Amino acid sequence: MMELILASQSPRRRQLLSTLGVDFSVKVADIDETPVAGETPEVCVDRLARGKADAVWHTLQDRLDKVVLAADTIVVVDQKILGKPRTREHAVHMLTQLSGRKHRVLTAVALQNETSQQCTIQTSEVSFATLAEDEIQRYVATGEPDDKAGAYAIQGLAAAFVVSLTGSYSGVVGLPLYETRQLLRRFGIHTAI
């Protein structure tokens with residue numbers, strides 16, 4: 001029986017993974033998530049998900065019958081990666097860039113065991129309404145943008161900003177369930193459905 005370990009502190013990822021009906025434990029990955037100069041968004045998100053999986057894998061004492069699942073989500077506008085806001089002012093700046101525009105959300109999912117590591121990237125396109133400055137300020141004041149890629153949570157109050165979404169809702173939240181289910185099956189972990 002394979003033991004699944006989620007390499008994430010995100011409560012959203014834990015909740016999404018739980019919906020697949022798999023048992024798992026959590027071990028937080030500690031890596032530098034700074035994008036590398038000249039790196040494309042796709043290369044960045046892939047590197048970060050793989051790096052998280054590998055970091056947790058190498059902390060395990062007993063690796064027999066273990067599988068580590070890691071994910072990373074980034075928001076991209078004009079080929080520029082918007083990470084997590086450093087300050088509330090930074091969050092305002094990010095949301096101002098997203099206002100009235102389309103942007104991409106990329107989530108990479110990586111699985112690793114004793115013989116291989118595989119990663120897949122899911123890309124969604126999100127269109128935001130034009131936001132007034134006071135709307136952005138009120139949203140940032142809620143604290144919801146803190147520690148969120150692109151300074152927003154689609155599953156929270158920011159859902160009211162979304163005009164359209166093409167792709168995977170769960171991918172934008174932080175763990176694309178279709179792709180995750182396919183990877184889990186490849187690694188011998190069966191989901192409830």
# chains A, B, ... in the order shown; residues from 1 in each chain; ligands from 1

call {"tool": "closest_atom_pairs", "arguments": {"of": "region 20-117 of chain A", "to": "region 148-159 of chain A", "cutoff": "8 Å", "atoms": "only C-alpha atoms", "output": "CSV"}}
result
residue,atom,partner,partner_atom,distance
A:Thr73,CA,A:Ala149,CA,6.7
A:Ile74,CA,A:Ala149,CA,5.7
A:Val75,CA,A:Gly150,CA,5.3
A:Val76,CA,A:Gly150,CA,7.9
A:Leu82,CA,A:Gly150,CA,5.1
A:Gly83,CA,A:Ala149,CA,4.8
A:Lys84,CA,A:Ala149,CA,4.5
A:Pro85,CA,A:Ala151,CA,5.9
A:Ala91,CA,A:Ala151,CA,5.3
A:Met94,CA,A:Gly150,CA,6.3
A:Leu95,CA,A:Ala151,CA,6.6

call {"tool": "select_by_dssp", "arguments": {"residues": "chain A", "states": "helix (DSSP H, G or I)", "output": "PDB file with N, CA and C atoms, in the first residue's frame"}}
result
ATOM      1  N   PRO A  11      -3.927  25.064   3.177  1.00  0.00           N
ATOM      2  CA  PRO A  11      -5.188  24.400   3.545  1.00  0.00           C
ATOM      3  C   PRO A  11      -6.074  24.148   2.331  1.00  0.00           C
ATOM      4  N   ARG A  12      -5.939  24.979   1.305  1.00  0.00           N
ATOM      5  CA  ARG A  12      -6.737  24.780   0.086  1.00  0.00           C
ATOM      6  C   ARG A  12      -6.314  23.508  -0.628  1.00  0.00           C
ATOM      7  N   ARG A  13      -5.019  23.270  -0.715  1.00  0.00           N
ATOM      8  CA  ARG A  13      -4.545  22.040  -1.361  1.00  0.00           C
ATOM      9  C   ARG A  13      -4.959  20.819  -0.551  1.00  0.00           C
ATOM     10  N   ARG A  14      -4.893  20.916   0.756  1.00  0.00           N
ATOM     11  CA  ARG A  14      -5.325  19.788   1.606  1.00  0.00           C
ATOM     12  C   ARG A  14      -6.796  19.472   1.364  1.00  0.00           C
ATOM     13  N   GLN A  15      -7.610  20.507   1.312  1.00  0.00           N
ATOM     14  CA  GLN A  15      -9.049  20.318   1.102  1.00  0.00           C
ATOM     15  C   GLN A  15      -9.324  19.716  -0.276  1.00  0.00           C
ATOM     16  N   LEU A  16      -8.664  20.236  -1.304  1.00  0.00           N
ATOM     17  CA  LEU A  16      -8.868  19.709  -2.652  1.00  0.00           C
ATOM     18  C   LEU A  16      -8.420  18.253  -2.756  1.00  0.00           C
ATOM     19  N   LEU A  17      -7.260  17.926  -2.214  1.00  0.00           N
ATOM     20  CA  LEU A  17      -6.780  16.554  -2.267  1.00  0.00           C
ATOM     21  C   LEU A  17      -7.726  15.617  -1.520  1.00  0.00           C
ATOM     22  N   SER A  18      -8.294  16.091  -0.426  1.00  0.00           N
ATOM     23  CA  SER A  18      -9.254  15.286   0.334  1.00  0.00           C
ATOM     24  C   SER A  18     -10.479  14.919  -0.501  1.00  0.00           C
ATOM     25  N   THR A  19     -10.883  15.806  -1.410  1.00  0.00           N
ATOM     26  CA  THR A  19     -12.069  15.519  -2.228  1.00  0.00           C
ATOM     27  C   THR A  19     -11.858  14.310  -3.131  1.00  0.00           C
ATOM     28  N   PRO A  41       7.453  31.437 -17.315  1.00  0.00           N
ATOM     29  CA  PRO A  41       6.519  31.010 -16.262  1.00  0.00           C
ATOM     30  C   PRO A  41       6.378  29.491 -16.192  1.00  0.00           C
ATOM     31  N   GLU A  42       6.346  28.830 -17.345  1.00  0.00           N
ATOM     32  CA  GLU A  42       6.194  27.371 -17.367  1.00  0.00           C
ATOM     33  C   GLU A  42       7.391  26.677 -16.726  1.00  0.00           C
ATOM     34  N   VAL A  43       8.585  27.137 -17.051  1.00  0.00           N
ATOM     35  CA  VAL A  43       9.793  26.545 -16.459  1.00  0.00           C
ATOM     36  C   VAL A  43       9.828  26.816 -14.959  1.00  0.00           C
ATOM     37  N   CYS A  44       9.446  28.007 -14.555  1.00  0.00           N
ATOM     38  CA  CYS A  44       9.452  28.383 -13.137  1.00  0.00           C
ATOM     39  C   CYS A  44       8.510  27.511 -12.318  1.00  0.00           C
ATOM     40  N   VAL A  45       7.258  27.388 -12.746  1.00  0.00           N
ATOM     41  CA  VAL A  45       6.270  26.639 -11.962  1.00  0.00           C
ATOM     42  C   VAL A  45       6.629  25.157 -11.924  1.00  0.00           C
ATOM     43  N   ASP A  46       7.162  24.632 -13.019  1.00  0.00           N
ATOM     44  CA  ASP A  46       7.611  23.240 -13.067  1.00  0.00           C
ATOM     45  C   ASP A  46       8.771  23.025 -12.095  1.00  0.00           C
ATOM     46  N   ARG A  47       9.749  23.916 -12.130  1.00  0.00           N
ATOM     47  CA  ARG A  47      10.921  23.812 -11.247  1.00  0.00           C
ATOM     48  C   ARG A  47      10.516  23.859  -9.780  1.00  0.00           C
ATOM     49  N   LEU A  48       9.584  24.761  -9.447  1.00  0.00           N
ATOM     50  CA  LEU A  48       9.176  24.903  -8.048  1.00  0.00           C
ATOM     51  C   LEU A  48       8.413  23.685  -7.546  1.00  0.00           C
ATOM     52  N   ALA A  49       7.481  23.153  -8.343  1.00  0.00           N
ATOM     53  CA  ALA A  49       6.740  21.958  -7.919  1.00  0.00           C
ATOM     54  C   ALA A  49       7.685  20.776  -7.751  1.00  0.00           C
ATOM     55  N   ARG A  50       8.574  20.579  -8.729  1.00  0.00           N
ATOM     56  CA  ARG A  50       9.548  19.483  -8.641  1.00  0.00           C
ATOM     57  C   ARG A  50      10.483  19.672  -7.449  1.00  0.00           C
ATOM     58  N   GLY A  51      10.894  20.917  -7.218  1.00  0.00           N
ATOM     59  CA  GLY A  51      11.789  21.206  -6.098  1.00  0.00           C
ATOM     60  C   GLY A  51      11.155  20.927  -4.754  1.00  0.00           C
ATOM     61  N   LYS A  52       9.869  21.241  -4.615  1.00  0.00           N
ATOM     62  CA  LYS A  52       9.156  20.956  -3.365  1.00  0.00           C
ATOM     63  C   LYS A  52       9.057  19.450  -3.134  1.00  0.00           C
ATOM     64  N   ALA A  53       8.694  18.717  -4.196  1.00  0.00           N
ATOM     65  CA  ALA A  53       8.586  17.256  -4.070  1.00  0.00           C
ATOM     66  C   ALA A  53       9.930  16.652  -3.677  1.00  0.00           C
ATOM     67  N   ASP A  54      10.981  17.089  -4.335  1.00  0.00           N
ATOM     68  CA  ASP A  54      12.315  16.556  -4.077  1.00  0.00           C
ATOM     69  C   ASP A  54      12.796  16.910  -2.664  1.00  0.00           C
ATOM     70  N   ALA A  55      12.508  18.137  -2.233  1.00  0.00           N
ATOM     71  CA  ALA A  55      12.937  18.566  -0.890  1.00  0.00           C
ATOM     72  C   ALA A  55      12.298  17.689   0.187  1.00  0.00           C
ATOM     73  N   VAL A  56      11.003  17.438   0.058  1.00  0.00           N
ATOM     74  CA  VAL A  56      10.330  16.591   1.048  1.00  0.00           C
ATOM     75  C   VAL A  56      10.798  15.147   0.920  1.00  0.00           C
ATOM     76  N   TRP A  57      10.966  14.671  -0.319  1.00  0.00           N
ATOM     77  CA  TRP A  57      11.430  13.298  -0.536  1.00  0.00           C
ATOM     78  C   TRP A  57      12.727  13.037   0.219  1.00  0.00           C
ATOM     79  N   ARG A  88       0.951  44.823   1.877  1.00  0.00           N
ATOM     80  CA  ARG A  88      -0.398  45.191   1.422  1.00  0.00           C
ATOM     81  C   ARG A  88      -0.311  46.127   0.215  1.00  0.00           C
ATOM     82  N   GLU A  89       0.677  47.013   0.194  1.00  0.00           N
ATOM     83  CA  GLU A  89       0.860  47.919  -0.943  1.00  0.00           C
ATOM     84  C   GLU A  89       1.204  47.128  -2.207  1.00  0.00           C
ATOM     85  N   HIS A  90       2.020  46.101  -2.029  1.00  0.00           N
ATOM     86  CA  HIS A  90       2.376  45.231  -3.149  1.00  0.00           C
ATOM     87  C   HIS A  90       1.122  44.517  -3.676  1.00  0.00           C
ATOM     88  N   ALA A  91       0.240  44.089  -2.783  1.00  0.00           N
ATOM     89  CA  ALA A  91      -1.017  43.446  -3.179  1.00  0.00           C
ATOM     90  C   ALA A  91      -1.875  44.411  -3.996  1.00  0.00           C
ATOM     91  N   VAL A  92      -1.950  45.669  -3.576  1.00  0.00           N
ATOM     92  CA  VAL A  92      -2.705  46.680  -4.320  1.00  0.00           C
ATOM     93  C   VAL A  92      -2.125  46.825  -5.725  1.00  0.00           C
ATOM     94  N   HIS A  93      -0.813  46.874  -5.821  1.00  0.00           N
ATOM     95  CA  HIS A  93      -0.144  47.010  -7.114  1.00  0.00           C
ATOM     96  C   HIS A  93      -0.479  45.828  -8.033  1.00  0.00           C
ATOM     97  N   MET A  94      -0.431  44.613  -7.489  1.00  0.00           N
ATOM     98  CA  MET A  94      -0.741  43.429  -8.291  1.00  0.00           C
ATOM     99  C   MET A  94      -2.185  43.457  -8.785  1.00  0.00           C
ATOM    100  N   LEU A  95      -3.114  43.740  -7.897  1.00  0.00           N
ATOM    101  CA  LEU A  95      -4.528  43.748  -8.274  1.00  0.00           C
ATOM    102  C   LEU A  95      -4.825  44.846  -9.289  1.00  0.00           C
ATOM    103  N   THR A  96      -4.112  45.944  -9.190  1.00  0.00           N
ATOM    104  CA  THR A  96      -4.260  47.021 -10.178  1.00  0.00           C
ATOM    105  C   THR A  96      -3.819  46.533 -11.559  1.00  0.00           C
ATOM    106  N   GLN A  97      -2.756  45.734 -11.605  1.00  0.00           N
ATOM    107  CA  GLN A  97      -2.297  45.158 -12.875  1.00  0.00           C
ATOM    108  C   GLN A  97      -3.316  44.177 -13.466  1.00  0.00           C
ATOM    109  N   LEU A  98      -4.055  43.472 -12.603  1.00  0.00           N
ATOM    110  CA  LEU A  98      -5.028  42.472 -13.065  1.00  0.00           C
ATOM    111  C   LEU A  98      -6.376  43.089 -13.430  1.00  0.00           C
ATOM    112  N   GLU A 133     -10.339  51.793  -7.434  1.00  0.00           N
ATOM    113  CA  GLU A 133      -9.270  51.812  -6.438  1.00  0.00           C
ATOM    114  C   GLU A 133      -9.790  51.484  -5.039  1.00  0.00           C
ATOM    115  N   ASP A 134     -10.974  51.994  -4.688  1.00  0.00           N
ATOM    116  CA  ASP A 134     -11.504  51.720  -3.344  1.00  0.00           C
ATOM    117  C   ASP A 134     -11.907  50.240  -3.192  1.00  0.00           C
ATOM    118  N   GLU A 135     -12.329  49.592  -4.283  1.00  0.00           N
ATOM    119  CA  GLU A 135     -12.635  48.155  -4.225  1.00  0.00           C
ATOM    120  C   GLU A 135     -11.373  47.363  -3.916  1.00  0.00           C
ATOM    121  N   ILE A 136     -10.303  47.718  -4.590  1.00  0.00           N
ATOM    122  CA  ILE A 136      -9.026  47.039  -4.359  1.00  0.00           C
ATOM    123  C   ILE A 136      -8.572  47.257  -2.920  1.00  0.00           C
ATOM    124  N   GLN A 137      -8.657  48.496  -2.443  1.00  0.00           N
ATOM    125  CA  GLN A 137      -8.230  48.799  -1.073  1.00  0.00           C
ATOM    126  C   GLN A 137      -9.053  48.021  -0.040  1.00  0.00           C
ATOM    127  N   ARG A 138     -10.370  47.954  -0.249  1.00  0.00           N
ATOM    128  CA  ARG A 138     -11.237  47.221   0.690  1.00  0.00           C
ATOM    129  C   ARG A 138     -10.911  45.729   0.678  1.00  0.00           C
ATOM    130  N   TYR A 139     -10.666  45.200  -0.523  1.00  0.00           N
ATOM    131  CA  TYR A 139     -10.333  43.777  -0.626  1.00  0.00           C
ATOM    132  C   TYR A 139      -9.006  43.476   0.070  1.00  0.00           C
ATOM    133  N   VAL A 140      -8.008  44.292  -0.177  1.00  0.00           N
ATOM    134  CA  VAL A 140      -6.698  44.081   0.443  1.00  0.00           C
ATOM    135  C   VAL A 140      -6.807  44.188   1.966  1.00  0.00           C
ATOM    136  N   ALA A 141      -7.650  45.090   2.452  1.00  0.00           N
ATOM    137  CA  ALA A 141      -7.826  45.274   3.897  1.00  0.00           C
ATOM    138  C   ALA A 141      -8.414  44.034   4.578  1.00  0.00           C
ATOM    139  N   ALA A 149      -0.867  33.737  -4.498  1.00  0.00           N
ATOM    140  CA  ALA A 149      -0.271  34.096  -5.791  1.00  0.00           C
ATOM    141  C   ALA A 149      -1.177  35.086  -6.499  1.00  0.00           C
ATOM    142  N   GLY A 150      -0.606  36.178  -6.982  1.00  0.00           N
ATOM    143  CA  GLY A 150      -1.390  37.194  -7.677  1.00  0.00           C
ATOM    144  C   GLY A 150      -2.235  38.049  -6.752  1.00  0.00           C
ATOM    145  N   ALA A 151      -2.118  37.843  -5.450  1.00  0.00           N
ATOM    146  CA  ALA A 151      -2.815  38.631  -4.425  1.00  0.00           C
ATOM    147  C   ALA A 151      -4.331  38.449  -4.431  1.00  0.00           C
ATOM    148  N   LEU A 157     -13.532  36.040  -1.525  1.00  0.00           N
ATOM    149  CA  LEU A 157     -14.208  37.277  -1.922  1.00  0.00           C
ATOM    150  C   LEU A 157     -13.882  37.692  -3.352  1.00  0.00           C
ATOM    151  N   ALA A 158     -12.698  37.357  -3.822  1.00  0.00           N
ATOM    152  CA  ALA A 158     -12.282  37.758  -5.171  1.00  0.00           C
ATOM    153  C   ALA A 158     -13.100  37.074  -6.266  1.00  0.00           C
ATOM    154  N   ALA A 159     -13.885  36.080  -5.924  1.00  0.00           N
ATOM    155  CA  ALA A 159     -14.777  35.463  -6.921  1.00  0.00           C
ATOM    156  C   ALA A 159     -15.681  36.515  -7.548  1.00  0.00           C
ATOM    157  N   ALA A 160     -15.985  37.563  -6.813  1.00  0.00           N
ATOM    158  CA  ALA A 160     -16.838  38.637  -7.322  1.00  0.00           C
ATOM    159  C   ALA A 160     -16.134  39.484  -8.387  1.00  0.00           C
ATOM    160  N   PHE A 161     -14.827  39.345  -8.534  1.00  0.00           N
ATOM    161  CA  PHE A 161     -14.073  40.090  -9.543  1.00  0.00           C
ATOM    162  C   PHE A 161     -13.969  39.340 -10.871  1.00  0.00           C
ATOM    163  N   TYR A 169     -11.059  25.389 -12.451  1.00  0.00           N
ATOM    164  CA  TYR A 169     -11.291  26.150 -11.227  1.00  0.00           C
ATOM    165  C   TYR A 169     -10.368  25.638 -10.116  1.00  0.00           C
ATOM    166  N   SER A 170     -10.306  24.309  -9.941  1.00  0.00           N
ATOM    167  CA  SER A 170      -9.462  23.761  -8.875  1.00  0.00           C
ATOM    168  C   SER A 170      -7.982  24.071  -9.128  1.00  0.00           C
ATOM    169  N   GLY A 171      -7.606  24.189 -10.410  1.00  0.00           N
ATOM    170  CA  GLY A 171      -6.234  24.575 -10.738  1.00  0.00           C
ATOM    171  C   GLY A 171      -5.929  25.994 -10.289  1.00  0.00           C
ATOM    172  N   VAL A 172      -6.892  26.892 -10.461  1.00  0.00           N
ATOM    173  CA  VAL A 172      -6.704  28.274 -10.023  1.00  0.00           C
ATOM    174  C   VAL A 172      -6.637  28.336  -8.492  1.00  0.00           C
ATOM    175  N   VAL A 173      -7.421  27.494  -7.824  1.00  0.00           N
ATOM    176  CA  VAL A 173      -7.376  27.447  -6.356  1.00  0.00           C
ATOM    177  C   VAL A 173      -6.015  26.929  -5.876  1.00  0.00           C
ATOM    178  N   LEU A 177      -7.610  19.082 -10.051  1.00  0.00           N
ATOM    179  CA  LEU A 177      -7.996  17.733  -9.650  1.00  0.00           C
ATOM    180  C   LEU A 177      -7.902  16.709 -10.768  1.00  0.00           C
ATOM    181  N   TYR A 178      -8.261  17.079 -11.985  1.00  0.00           N
ATOM    182  CA  TYR A 178      -8.171  16.123 -13.084  1.00  0.00           C
ATOM    183  C   TYR A 178      -6.731  15.650 -13.258  1.00  0.00           C
ATOM    184  N   GLU A 179      -5.816  16.582 -13.402  1.00  0.00           N
ATOM    185  CA  GLU A 179      -4.409  16.248 -13.616  1.00  0.00           C
ATOM    186  C   GLU A 179      -3.827  15.503 -12.408  1.00  0.00           C
ATOM    187  N   THR A 180      -4.209  15.913 -11.212  1.00  0.00           N
ATOM    188  CA  THR A 180      -3.721  15.261  -9.996  1.00  0.00           C
ATOM    189  C   THR A 180      -4.179  13.806  -9.946  1.00  0.00           C
ATOM    190  N   ARG A 181      -5.436  13.572 -10.275  1.00  0.00           N
ATOM    191  CA  ARG A 181      -5.988  12.214 -10.282  1.00  0.00           C
ATOM    192  C   ARG A 181      -5.243  11.329 -11.282  1.00  0.00           C
ATOM    193  N   GLN A 182      -4.952  11.870 -12.454  1.00  0.00           N
ATOM    194  CA  GLN A 182      -4.228  11.091 -13.469  1.00  0.00           C
ATOM    195  C   GLN A 182      -2.826  10.722 -12.975  1.00  0.00           C
ATOM    196  N   LEU A 183      -2.129  11.665 -12.374  1.00  0.00           N
ATOM    197  CA  LEU A 183      -0.786  11.386 -11.853  1.00  0.00           C
ATOM    198  C   LEU A 183      -0.833  10.362 -10.719  1.00  0.00           C
ATOM    199  N   LEU A 184      -1.785  10.509  -9.806  1.00  0.00           N
ATOM    200  CA  LEU A 184      -1.903   9.567  -8.696  1.00  0.00           C
ATOM    201  C   LEU A 184      -2.091   8.151  -9.214  1.00  0.00           C
ATOM    202  N   ARG A 185      -2.925   7.985 -10.216  1.00  0.00           N
ATOM    203  CA  ARG A 185      -3.152   6.657 -10.797  1.00  0.00           C
ATOM    204  C   ARG A 185      -1.866   6.081 -11.383  1.00  0.00           C
ATOM    205  N   ARG A 186      -1.080   6.930 -12.059  1.00  0.00           N
ATOM    206  CA  ARG A 186       0.190   6.465 -12.636  1.00  0.00           C
ATOM    207  C   ARG A 186       1.151   5.970 -11.556  1.00  0.00           C
TER     208      ARG A 186
END

call {"tool": "residues_around", "arguments": {"residues": "Thr40 (chain A)", "least_positions_apart": "6", "cutoff": "9 Å", "atoms": "only C-alpha atoms", "output": "PyMOL selection string"}}
result
chain A and resi 79-81

call {"tool": "closest_residue", "arguments": {"among": "A:Ala192, A:Leu106, A:Leu131, A:Met1", "to": "Leu64 (chain A)", "atoms": "only C-alpha atoms"}}
result
A:Met1

call {"tool": "atom_distance", "arguments": {"atom1": "CA of Gln61 (chain A)", "atom2": "CA of Val28 (chain A)"}}
result
15.2 Å

call {"tool": "residues_around", "arguments": {"residues": "Ala7 (chain A)", "least_positions_apart": "6", "cutoff": "6 Å", "atoms": "only C-alpha atoms", "output": "PDB file with all heavy atoms, in the first residue's frame"}}
result
ATOM      1  N   LYS A  27       3.730  17.154   4.943  1.00  0.00           N
ATOM      2  CA  LYS A  27       5.092  17.533   5.332  1.00  0.00           C
ATOM      3  C   LYS A  27       5.451  18.747   4.484  1.00  0.00           C
ATOM      4  O   LYS A  27       5.455  18.671   3.266  1.00  0.00           O
ATOM      5  CB  LYS A  27       6.053  16.381   5.072  1.00  0.00           C
ATOM      6  CG  LYS A  27       7.413  16.573   5.691  1.00  0.00           C
ATOM      7  CD  LYS A  27       8.137  15.243   5.731  1.00  0.00           C
ATOM      8  CE  LYS A  27       9.516  15.333   6.307  1.00  0.00           C
ATOM      9  NZ  LYS A  27       9.594  15.753   7.682  1.00  0.00           N
ATOM     10  N   VAL A  28       5.711  19.859   5.112  1.00  0.00           N
ATOM     11  CA  VAL A  28       5.907  21.124   4.402  1.00  0.00           C
ATOM     12  C   VAL A  28       7.291  21.180   3.761  1.00  0.00           C
ATOM     13  O   VAL A  28       8.301  20.862   4.392  1.00  0.00           O
ATOM     14  CB  VAL A  28       5.698  22.317   5.356  1.00  0.00           C
ATOM     15  CG1 VAL A  28       5.949  23.634   4.635  1.00  0.00           C
ATOM     16  CG2 VAL A  28       4.293  22.286   5.942  1.00  0.00           C
ATOM     17  N   ALA A  29       7.291  21.586   2.492  1.00  0.00           N
ATOM     18  CA  ALA A  29       8.545  21.781   1.765  1.00  0.00           C
ATOM     19  C   ALA A  29       9.076  23.179   2.049  1.00  0.00           C
ATOM     20  O   ALA A  29       8.316  24.143   2.063  1.00  0.00           O
ATOM     21  CB  ALA A  29       8.308  21.618   0.270  1.00  0.00           C
ATOM     22  N   LEU A  69       3.598  14.289  -3.183  1.00  0.00           N
ATOM     23  CA  LEU A  69       2.877  15.156  -4.118  1.00  0.00           C
ATOM     24  C   LEU A  69       3.156  16.601  -3.728  1.00  0.00           C
ATOM     25  O   LEU A  69       2.989  16.976  -2.566  1.00  0.00           O
ATOM     26  CB  LEU A  69       1.373  14.878  -4.046  1.00  0.00           C
ATOM     27  CG  LEU A  69       0.477  15.617  -5.040  1.00  0.00           C
ATOM     28  CD1 LEU A  69      -0.815  14.842  -5.248  1.00  0.00           C
ATOM     29  CD2 LEU A  69       0.137  17.033  -4.614  1.00  0.00           C
ATOM     30  N   ALA A  70       3.580  17.396  -4.702  1.00  0.00           N
ATOM     31  CA  ALA A  70       3.826  18.819  -4.465  1.00  0.00           C
ATOM     32  C   ALA A  70       3.185  19.618  -5.593  1.00  0.00           C
ATOM     33  O   ALA A  70       2.975  19.097  -6.686  1.00  0.00           O
ATOM     34  CB  ALA A  70       5.320  19.108  -4.406  1.00  0.00           C
TER      35      ALA A  70
END

call {"tool": "closest_residue", "arguments": {"among": "A:Leu175, A:Leu6, A:Ala129, A:Val67", "to": "Glu114 (chain A)", "atoms": "only C-alpha atoms"}}
result
A:Val67

call {"tool": "closest_residue", "arguments": {"among": "A:Asp146, A:Thr191, A:Leu111, A:Gln118", "to": "Thr87 (chain A)", "atoms": "only C-alpha atoms"}}
result
A:Asp146

call {"tool": "select_by_dssp", "arguments": {"residues": "region 58-108 of chain A", "states": "strand (DSSP E or B)", "output": "PyMOL selection string"}}
result
chain A and resi 66-77+80-82+102-108

call {"tool": "write_last_selection", "arguments": {"atoms": "N, CA, C and O atoms", "output": "mmCIF file, in the first residue's frame"}}
result
data_model
loop_
_atom_site.group_PDB
_atom_site.id
_atom_site.type_symbol
_atom_site.label_atom_id
_atom_site.label_comp_id
_atom_site.auth_asym_id
_atom_site.auth_seq_id
_atom_site.Cartn_x
_atom_site.Cartn_y
_atom_site.Cartn_z
ATOM 1 N N LYS A 66 6.477 5.073 -0.576
ATOM 2 C CA LYS A 66 6.063 6.452 -0.330
ATOM 3 C C LYS A 66 5.971 7.199 -1.660
ATOM 4 O O LYS A 66 6.764 6.960 -2.577
ATOM 5 N N VAL A 67 5.009 8.115 -1.745
ATOM 6 C CA VAL A 67 4.862 9.006 -2.889
ATOM 7 C C VAL A 67 4.666 10.411 -2.339
ATOM 8 O O VAL A 67 3.823 10.633 -1.467
ATOM 9 N N VAL A 68 5.448 11.356 -2.847
ATOM 10 C CA VAL A 68 5.312 12.757 -2.442
ATOM 11 C C VAL A 68 4.609 13.518 -3.559
ATOM 12 O O VAL A 68 4.968 13.391 -4.728
ATOM 13 N N LEU A 69 3.598 14.289 -3.183
ATOM 14 C CA LEU A 69 2.877 15.156 -4.118
ATOM 15 C C LEU A 69 3.156 16.601 -3.728
ATOM 16 O O LEU A 69 2.989 16.976 -2.566
ATOM 17 N N ALA A 70 3.580 17.396 -4.702
ATOM 18 C CA ALA A 70 3.826 18.819 -4.465
ATOM 19 C C ALA A 70 3.185 19.618 -5.593
ATOM 20 O O ALA A 70 2.975 19.097 -6.686
ATOM 21 N N ALA A 71 2.874 20.867 -5.316
ATOM 22 C CA ALA A 71 2.275 21.736 -6.335
ATOM 23 C C ALA A 71 2.773 23.153 -6.144
ATOM 24 O O ALA A 71 3.191 23.547 -5.048
ATOM 25 N N ASP A 72 2.705 23.899 -7.231
ATOM 26 C CA ASP A 72 3.010 25.322 -7.166
ATOM 27 C C ASP A 72 2.090 26.049 -8.130
ATOM 28 O O ASP A 72 1.794 25.532 -9.210
ATOM 29 N N THR A 73 1.629 27.220 -7.722
ATOM 30 C CA THR A 73 0.719 28.026 -8.544
ATOM 31 C C THR A 73 1.321 29.410 -8.729
ATOM 32 O O THR A 73 1.782 30.022 -7.758
ATOM 33 N N ILE A 74 1.295 29.881 -9.977
ATOM 34 C CA ILE A 74 1.731 31.245 -10.245
ATOM 35 C C ILE A 74 0.698 31.944 -11.123
ATOM 36 O O ILE A 74 -0.027 31.304 -11.885
ATOM 37 N N VAL A 75 0.647 33.247 -10.985
ATOM 38 C CA VAL A 75 -0.227 34.097 -11.788
ATOM 39 C C VAL A 75 0.670 34.874 -12.744
ATOM 40 O O VAL A 75 1.724 35.384 -12.340
ATOM 41 N N VAL A 76 0.258 34.945 -14.009
ATOM 42 C CA VAL A 76 1.095 35.574 -15.035
ATOM 43 C C VAL A 76 0.283 36.613 -15.798
ATOM 44 O O VAL A 76 -0.807 36.319 -16.292
ATOM 45 N N VAL A 77 0.812 37.824 -15.878
ATOM 46 C CA VAL A 77 0.206 38.867 -16.702
ATOM 47 C C VAL A 77 1.338 39.489 -17.529
ATOM 48 O O VAL A 77 2.405 39.797 -16.992
ATOM 49 N N LYS A 80 4.775 38.310 -17.098
ATOM 50 C CA LYS A 80 5.412 38.639 -15.828
ATOM 51 C C LYS A 80 4.760 37.808 -14.731
ATOM 52 O O LYS A 80 3.528 37.763 -14.617
ATOM 53 N N ILE A 81 5.592 37.147 -13.932
ATOM 54 C CA ILE A 81 5.095 36.318 -12.835
ATOM 55 C C ILE A 81 4.749 37.200 -11.645
ATOM 56 O O ILE A 81 5.578 37.973 -11.171
ATOM 57 N N LEU A 82 3.507 37.077 -11.184
ATOM 58 C CA LEU A 82 3.085 37.758 -9.963
ATOM 59 C C LEU A 82 3.076 36.718 -8.847
ATOM 60 O O LEU A 82 2.212 35.850 -8.812
ATOM 61 N N LYS A 102 -7.243 40.054 -18.742
ATOM 62 C CA LYS A 102 -7.105 38.608 -18.634
ATOM 63 C C LYS A 102 -5.694 38.299 -18.140
ATOM 64 O O LYS A 102 -4.751 39.027 -18.445
ATOM 65 N N HIS A 103 -5.597 37.227 -17.387
ATOM 66 C CA HIS A 103 -4.284 36.737 -16.960
ATOM 67 C C HIS A 103 -4.319 35.212 -16.937
ATOM 68 O O HIS A 103 -5.386 34.606 -16.999
ATOM 69 N N ARG A 104 -3.141 34.615 -16.872
ATOM 70 C CA ARG A 104 -3.035 33.160 -16.812
ATOM 71 C C ARG A 104 -2.673 32.720 -15.397
ATOM 72 O O ARG A 104 -1.939 33.416 -14.689
ATOM 73 N N VAL A 105 -3.206 31.566 -15.017
ATOM 74 C CA VAL A 105 -2.840 30.930 -13.760
ATOM 75 C C VAL A 105 -2.285 29.554 -14.110
ATOM 76 O O VAL A 105 -2.971 28.745 -14.733
ATOM 77 N N LEU A 106 -1.038 29.319 -13.733
ATOM 78 C CA LEU A 106 -0.387 28.048 -14.004
ATOM 79 C C LEU A 106 -0.190 27.306 -12.691
ATOM 80 O O LEU A 106 0.338 27.879 -11.729
ATOM 81 N N THR A 107 -0.635 26.060 -12.654
ATOM 82 C CA THR A 107 -0.380 25.216 -11.492
ATOM 83 C C THR A 107 0.312 23.948 -11.958
ATOM 84 O O THR A 107 -0.199 23.240 -12.824
ATOM 85 N N ALA A 108 1.479 23.705 -11.392
ATOM 86 C CA ALA A 108 2.231 22.482 -11.673
ATOM 87 C C ALA A 108 2.026 21.517 -10.522
ATOM 88 O O ALA A 108 2.019 21.915 -9.353
#

call {"tool": "atom_distance", "arguments": {"atom1": "CA of Leu60 (chain A)", "atom2": "CA of Thr120 (chain A)"}}
result
23.2 Å

call {"tool": "closest_residue", "arguments": {"among": "A:Asp32, A:Gln9, A:Asp78, A:Asn113", "to": "Ile189 (chain A)", "atoms": "only C-alpha atoms"}}
result
A:Asn113
